[in-house]
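Novice: Here's a structure for you.
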Amino acid sequence: MNSYEVLKKSVSDLGVKSVAADLGLSTSLIYKWCQPSGTEDASGADNPLDRLAKMVELTGDTGPVEWLCQKADGYFVANSPIDECEAVPLLHMTRRIVREFSELLDVLTESIENDGVIDLKEADKIRMEWEQLKSSAESFVTCCEKGTYARLEGNHE
């Protein structure tokens with residue numbers, strides 16, 4: 001889905017006028033954000049999603065996206081590099097997921113055994129381990145979706 005389509009869908013329930021008024025922007029700008037841009041015949045304008053994507057592309061920093069995900073009560077999980085699927089055999093990938101899960105359980109166990117509670121510092125450690133586990137699992141699923149582990153002639157992993 002294109003960014004302008006995402007925004008168009010997003011403002012459809014409240015309506016462009018209401019969104020524009022709440023943001024302190026003109027309705028014409030909101031309408032332009034909901035139209036294609038970047039080509040000669042397109043009448044839209046670069047919208048906040050396009051600009052955020054460009055900022056991440058320029059800086060290589062996903063911090064703004066991570067912040068936005070947190071504001072939406074979610075979390076950002078980066079996809080694995082495309083070439084990782086070819087480099088990591090199936091058995092190694094499944095071991096990685098099990099290891100990451102084990103490390104998460106170790107942090108949880110240590111936190112609870114320490115004093116029976118999980119303080120904020122321990123919660124940060126748990127979050128870090130959870131993010132690593134999600135990333136490994138996402139890498140595995142991505143590789144599966146790309147057919148990396150499909151049984152092919154000569155592929156017996």
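Within each chain, counting starts at residue 1; across the structure tokens, chains are named A, B, ... in the order shown, with ligands numbered 1 upward in that order.
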According to DSSP computed on the backbone, where in range 50-93 of chain A is there alpha helix (DSSP H)? Give the residues as a PyMOL selection string.
Specialist: chain A and resi 50-59+63-71+84-87+90-93
Novice: Mind dumping a table of every range 24-104 of chain A residue within 8 Å of range 129-148 of chain A, with the nearest atom pair and its distance in Å to one decimal, using only C-alpha atoms, sorted by chain and rising number, as JSON lines?
Specialist:
{"residue": "A:Val77", "atom": "CA", "partner": "A:Ser135", "partner_atom": "CA", "distance": 5.9}
{"residue": "A:Ala78", "atom": "CA", "partner": "A:Ser135", "partner_atom": "CA", "distance": 6.5}
{"residue": "A:Asn79", "atom": "CA", "partner": "A:Ser139", "partner_atom": "CA", "distance": 6.2}
{"residue": "A:Ser80", "atom": "CA", "partner": "A:Ser139", "partner_atom": "CA", "distance": 5.0}
{"residue": "A:Cys85", "atom": "CA", "partner": "A:Cys143", "partner_atom": "CA", "distance": 5.2}
{"residue": "A:Glu86", "atom": "CA", "partner": "A:Thr148", "partner_atom": "CA", "distance": 6.9}
{"residue": "A:Met93", "atom": "CA", "partner": "A:Phe140", "partner_atom": "CA", "distance": 6.5}
{"residue": "A:Thr94", "atom": "CA", "partner": "A:Phe140", "partner_atom": "CA", "distance": 7.7}
{"residue": "A:Arg96", "atom": "CA", "partner": "A:Ser136", "partner_atom": "CA", "distance": 7.0}
{"residue": "A:Ile97", "atom": "CA", "partner": "A:Ser136", "partner_atom": "CA", "distance": 5.8}
{"residue": "A:Glu100", "atom": "CA", "partner": "A:Leu133", "partner_atom": "CA", "distance": 5.1}
{"residue": "A:Phe101", "atom": "CA", "partner": "A:Leu133", "partner_atom": "CA", "distance": 6.1}
{"residue": "A:Glu103", "atom": "CA", "partner": "A:Glu129", "partner_atom": "CA", "distance": 6.8}
{"residue": "A:Leu104", "atom": "CA", "partner": "A:Glu129", "partner_atom": "CA", "distance": 5.2}
Novice: Create the file for the chosen residues now, containing C-alpha atoms and written as a PDB file, in the first residue's frame.
Specialist:
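Dumped everything to again01.pdb:
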ATOM      1  CA  VAL A  77      11.084  -5.056  14.575  1.00  0.00           C
ATOM      2  CA  ALA A  78      13.555  -4.730  11.715  1.00  0.00           C
ATOM      3  CA  ASN A  79      13.620  -7.354   8.991  1.00  0.00           C
ATOM      4  CA  SER A  80      16.786  -9.356   8.574  1.00  0.00           C
ATOM      5  CA  CYS A  85      18.481 -16.155   4.383  1.00  0.00           C
ATOM      6  CA  GLU A  86      21.029 -17.681   2.042  1.00  0.00           C
ATOM      7  CA  MET A  93      18.209 -20.502  12.366  1.00  0.00           C
ATOM      8  CA  THR A  94      16.016 -22.663  14.602  1.00  0.00           C
ATOM      9  CA  ARG A  96      19.131 -19.165  17.157  1.00  0.00           C
ATOM     10  CA  ILE A  97      15.438 -18.780  17.996  1.00  0.00           C
ATOM     11  CA  GLU A 100      17.144 -16.237  22.109  1.00  0.00           C
ATOM     12  CA  PHE A 101      14.095 -17.650  23.892  1.00  0.00           C
ATOM     13  CA  GLU A 103      18.172 -16.011  27.052  1.00  0.00           C
ATOM     14  CA  LEU A 104      14.830 -14.294  27.627  1.00  0.00           C
TER      15      LEU A 104
END
Novice: Using only C-alpha atoms, determine which residues lie at most 12 Å from Ala45 in chain A, disregarding the query and same-chain residues fewer than 6 positions distant; provide the list as a count of residues only.
Specialist: 15
Novice: Find the residues near Ser18 in chain A: any atom within 10 Å, counting only C-alpha atoms, skip ones fewer than 6 places away on the same chain, and give them as a tab-separated table (two decimals) with C-alpha atoms, in the first residue's frame.
Specialist:
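Result file is selection-v7.tsv:
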chain	number	residue	atom	x	y	z
A	11	VAL	CA	-8.63	10.04	7.69
A	24	GLY	CA	-4.27	23.13	12.47
A	27	THR	CA	-8.04	20.76	4.21
Novice: Show which residues sit within 12 Å of Glu110 in chain A, as a VMD selection string. Count only C-alpha atoms, and ignore same-chain residues fewer than 4 positions away.
Specialist: chain A and resid 103 to 106 114 to 119 122 to 123 125 to 126
Novice: Rank A:Leu49, A:Met55, A:Ala150, A:Val107 by their smallest atom-to-atom distance to Arg127 in chain A, using only C-alpha atoms, and report the top residue only.
Specialist: A:Val107
